[in-house]
Amino acid sequence: SKSQQHTEIGSDFYHGGIVHPYHASLDPARFHRGLLERALTGGTQIKTKCAVKKIEKKGEVFLLQTEAGTMTARQVVVATSGYTGVATPWHRRRVIPIGSYIIATESLEEGLVDELIPKNRVISDTRKLVVYYRASPDRKRILFGGRVSLNETDPVKSVKPLHIQLTKIFPQLTETKISHSWMALWDIPLTTCRIQEIKMVFTMPWDTVAQVFLCQVTLEQNLVKGWQDSLKEILC
């Protein structure tokens, strides 16, 4: 209720909210590093800076035309999200790339973050164009993200509209400066599918940062069961 919300958020912007105590967030950079380390430990060979230009099914294998030449693979995982390109036209037709724009405040006065987000929650609202925000891991800044326009823009232009949204929710930050601004693409799936018969897996993540990375590792069961062996054969 509105009378209880100050136990979770230092704002009068909302009329109440719902707490999901078993939801969680993750650091995508650390998550990626952990997956990479496990893959390397399992004997996987990694080829970086090697864009895949085309994927063809030839009998029991895939031929992948890349910037470094042609490679073969028995199984392929497409986990490109909002960066899906011409190499997978079937996938590309079924996802819509959407920009997520995020700003970070300058370091705040001691105790202010405890006032704004006292229980260190990751918060999102239910508007059609949602915003999402949290305290930084060191609890010195507020990280605040969302959509800023119907068309894509750049992180410089997105600062002002995001700051306006931020200060509507937290008037305490009206005079606070923004130290960082960035963006990334995620995707809205037009459909979801699993193509078991050709052993080609398309991951289609949903609309929160945590879900993006969680869905991208929710692969076909036959891949998960043989994870260590399959890592040697998966080409991402």
# chains A, B, ... in the order shown; residues from 1 in each chain; ligands from 1

call {"tool": "residues_around", "arguments": {"residues": "stretch 172-174 of chain A", "least_positions_apart": "3", "cutoff": "12 Å", "atoms": "only C-alpha atoms", "output": "compact mmCIF listing (two decimals) with N, CA, C and O atoms, in the first residue's frame"}}
result
# COMPACT_ATOMS: atom_id res chain seq x y z
N GLY A 10 12.12 5.21 -0.94
CA GLY A 10 11.95 6.55 -0.42
C GLY A 10 11.31 7.48 -1.42
O GLY A 10 11.92 8.46 -1.88
N SER A 11 10.07 7.18 -1.81
CA SER A 11 9.39 7.95 -2.83
C SER A 11 7.88 7.92 -2.60
O SER A 11 7.35 6.92 -2.08
N ASP A 12 7.21 9.01 -2.99
CA ASP A 12 5.74 9.05 -2.97
C ASP A 12 5.16 9.00 -4.38
O ASP A 12 3.98 9.27 -4.58
N ALA A 104 23.95 6.59 -14.51
CA ALA A 104 24.41 6.42 -13.13
C ALA A 104 24.64 7.80 -12.53
O ALA A 104 25.21 8.69 -13.18
N THR A 105 24.19 8.00 -11.33
CA THR A 105 24.40 9.28 -10.67
C THR A 105 25.84 9.40 -10.20
O THR A 105 26.57 8.40 -10.12
N GLU A 106 26.24 10.60 -9.88
CA GLU A 106 27.50 10.80 -9.19
C GLU A 106 27.39 10.18 -7.80
O GLU A 106 26.31 9.78 -7.36
N SER A 107 28.51 10.06 -7.11
CA SER A 107 28.48 9.51 -5.75
C SER A 107 27.59 10.38 -4.87
O SER A 107 27.71 11.61 -4.87
N LEU A 108 26.71 9.74 -4.12
CA LEU A 108 25.73 10.45 -3.30
C LEU A 108 26.22 10.62 -1.87
O LEU A 108 27.13 9.92 -1.42
N GLU A 109 25.60 11.54 -1.18
CA GLU A 109 25.94 11.76 0.22
C GLU A 109 25.66 10.49 1.04
O GLU A 109 24.74 9.73 0.75
N LEU A 112 22.09 8.70 1.84
CA LEU A 112 21.01 9.01 0.91
C LEU A 112 20.49 7.76 0.20
O LEU A 112 19.28 7.59 0.03
N VAL A 113 21.40 6.89 -0.20
CA VAL A 113 20.96 5.65 -0.85
C VAL A 113 20.12 4.81 0.10
O VAL A 113 19.13 4.19 -0.30
N GLU A 115 18.14 5.93 2.25
CA GLU A 115 16.81 6.56 2.26
C GLU A 115 16.03 6.19 1.02
O GLU A 115 14.81 5.94 1.09
N LEU A 116 16.69 6.15 -0.14
CA LEU A 116 16.00 5.93 -1.40
C LEU A 116 15.61 4.46 -1.60
O LEU A 116 14.49 4.15 -2.02
N ARG A 141 25.72 5.09 -5.50
CA ARG A 141 25.05 5.70 -6.65
C ARG A 141 23.72 5.02 -6.90
O ARG A 141 23.46 3.92 -6.40
N ILE A 142 22.89 5.66 -7.72
CA ILE A 142 21.68 5.04 -8.23
C ILE A 142 21.88 4.79 -9.72
O ILE A 142 22.26 5.69 -10.47
N PHE A 144 19.88 3.87 -13.13
CA PHE A 144 18.49 4.10 -13.55
C PHE A 144 18.38 3.91 -15.05
O PHE A 144 19.11 4.53 -15.82
N LYS A 160 19.18 13.47 -20.40
CA LYS A 160 18.18 14.42 -19.89
C LYS A 160 16.82 13.76 -19.64
O LYS A 160 16.25 13.91 -18.54
N LEU A 162 16.08 10.64 -19.10
CA LEU A 162 16.18 9.68 -18.00
C LEU A 162 16.31 10.40 -16.66
O LEU A 162 15.74 9.97 -15.65
N HIS A 163 17.05 11.49 -16.65
CA HIS A 163 17.20 12.26 -15.40
C HIS A 163 15.86 12.84 -14.97
O HIS A 163 15.55 12.89 -13.77
N ILE A 164 15.05 13.28 -15.94
CA ILE A 164 13.71 13.79 -15.60
C ILE A 164 12.87 12.69 -14.96
O ILE A 164 12.20 12.91 -13.94
N GLN A 165 12.91 11.49 -15.54
CA GLN A 165 12.17 10.37 -14.97
C GLN A 165 12.68 10.03 -13.57
O GLN A 165 11.91 9.77 -12.65
N LEU A 166 13.99 10.03 -13.42
CA LEU A 166 14.61 9.72 -12.13
C LEU A 166 14.15 10.69 -11.04
O LEU A 166 13.77 10.27 -9.94
N THR A 167 14.14 11.98 -11.36
CA THR A 167 13.80 12.97 -10.34
C THR A 167 12.30 13.06 -10.07
O THR A 167 11.89 13.57 -9.03
N LYS A 168 11.47 12.56 -11.00
CA LYS A 168 10.04 12.45 -10.70
C LYS A 168 9.82 11.43 -9.59
O LYS A 168 8.95 11.60 -8.74
N ILE A 169 10.59 10.36 -9.64
CA ILE A 169 10.47 9.31 -8.63
C ILE A 169 11.21 9.70 -7.36
O ILE A 169 10.69 9.51 -6.24
N LYS A 177 24.11 15.29 -10.19
CA LYS A 177 24.65 15.18 -11.54
C LYS A 177 24.75 13.71 -11.97
O LYS A 177 24.77 12.81 -11.14
N ILE A 178 24.81 13.51 -13.27
CA ILE A 178 24.95 12.17 -13.85
C ILE A 178 26.40 11.97 -14.27
O ILE A 178 26.97 12.80 -14.97

call {"tool": "select_by_dssp", "arguments": {"residues": "stretch 49-124 of chain A", "states": "strand (DSSP E)", "output": "ChimeraX atom specification"}}
result
/A:52-58,61-66,69-73,75-78,95-105,123-124

call {"tool": "write_last_selection", "arguments": {"atoms": "C-alpha atoms", "output": "PDB file, in the first residue's frame"}}
result
ATOM      1  CA  VAL A  52      29.603 -15.318 -38.422  1.00  0.00           C
ATOM      2  CA  LYS A  53      28.284 -14.193 -41.811  1.00  0.00           C
ATOM      3  CA  LYS A  54      26.224 -17.213 -42.847  1.00  0.00           C
ATOM      4  CA  ILE A  55      25.044 -20.544 -41.427  1.00  0.00           C
ATOM      5  CA  GLU A  56      24.132 -23.459 -43.684  1.00  0.00           C
ATOM      6  CA  LYS A  57      22.871 -26.940 -42.803  1.00  0.00           C
ATOM      7  CA  LYS A  58      24.747 -29.626 -44.709  1.00  0.00           C
ATOM      8  CA  VAL A  61      26.641 -30.572 -39.656  1.00  0.00           C
ATOM      9  CA  PHE A  62      26.446 -26.820 -40.001  1.00  0.00           C
ATOM     10  CA  LEU A  63      28.800 -24.805 -42.171  1.00  0.00           C
ATOM     11  CA  LEU A  64      29.570 -21.418 -40.684  1.00  0.00           C
ATOM     12  CA  GLN A  65      31.084 -18.796 -42.934  1.00  0.00           C
ATOM     13  CA  THR A  66      33.065 -16.453 -40.712  1.00  0.00           C
ATOM     14  CA  GLY A  69      37.052 -18.789 -42.887  1.00  0.00           C
ATOM     15  CA  THR A  70      34.577 -21.674 -42.889  1.00  0.00           C
ATOM     16  CA  MET A  71      34.002 -23.719 -39.747  1.00  0.00           C
ATOM     17  CA  THR A  72      31.846 -26.774 -39.079  1.00  0.00           C
ATOM     18  CA  ALA A  73      29.747 -27.635 -36.041  1.00  0.00           C
ATOM     19  CA  GLN A  75      25.330 -28.017 -32.897  1.00  0.00           C
ATOM     20  CA  VAL A  76      24.888 -24.245 -33.011  1.00  0.00           C
ATOM     21  CA  VAL A  77      23.560 -21.916 -30.327  1.00  0.00           C
ATOM     22  CA  VAL A  78      22.304 -18.533 -31.475  1.00  0.00           C
ATOM     23  CA  VAL A  95      12.908 -10.532 -32.787  1.00  0.00           C
ATOM     24  CA  ILE A  96      12.695  -6.756 -32.461  1.00  0.00           C
ATOM     25  CA  PRO A  97      15.854  -5.030 -31.185  1.00  0.00           C
ATOM     26  CA  ILE A  98      15.085  -2.463 -28.506  1.00  0.00           C
ATOM     27  CA  GLY A  99      17.508  -0.038 -26.878  1.00  0.00           C
ATOM     28  CA  SER A 100      17.886   0.016 -23.109  1.00  0.00           C
ATOM     29  CA  TYR A 101      19.350   3.294 -21.838  1.00  0.00           C
ATOM     30  CA  ILE A 102      20.927   3.586 -18.401  1.00  0.00           C
ATOM     31  CA  ILE A 103      22.443   6.392 -16.367  1.00  0.00           C
ATOM     32  CA  ALA A 104      24.407   6.425 -13.131  1.00  0.00           C
ATOM     33  CA  THR A 105      24.398   9.284 -10.665  1.00  0.00           C
ATOM     34  CA  ILE A 123      12.973  -2.007  -8.691  1.00  0.00           C
ATOM     35  CA  SER A 124      10.814  -1.767 -11.804  1.00  0.00           C
TER      36      SER A 124
END

call {"tool": "atom_distance", "arguments": {"atom1": "atom CA of A:Thr80", "atom2": "atom CA of A:Leu150"}}
result
22.3 Å

call {"tool": "closest_residue", "arguments": {"among": "A:Leu190, A:Ala68, A:Leu36, A:Leu185", "to": "A:Ser81", "atoms": "only C-alpha atoms"}}
result
A:Leu185

call {"tool": "select_by_dssp", "arguments": {"residues": "stretch 3-114 of chain A", "states": "alpha helix (DSSP H)", "output": "list in words"}}
result
Pro28, Ala29, Arg30, Phe31, His32, Arg33, Gly34, Leu35, Leu36, Glu37, Arg38, Ala39, Leu40, Thr41, Pro89, Trp90, His91, Arg92, Leu112, Val113 and Asp114 of chain A

call {"tool": "residues_around", "arguments": {"residues": "stretch 152-156 of chain A", "least_positions_apart": "3", "cutoff": "6 Å", "atoms": "only C-alpha atoms", "output": "VMD selection string"}}
result
chain A and resid 159 181 to 182

call {"tool": "closest_residue", "arguments": {"among": "A:Asp114, A:Gln45, A:Ser179, A:Pro171", "to": "A:Leu143", "atoms": "only C-alpha atoms"}}
result
A:Ser179
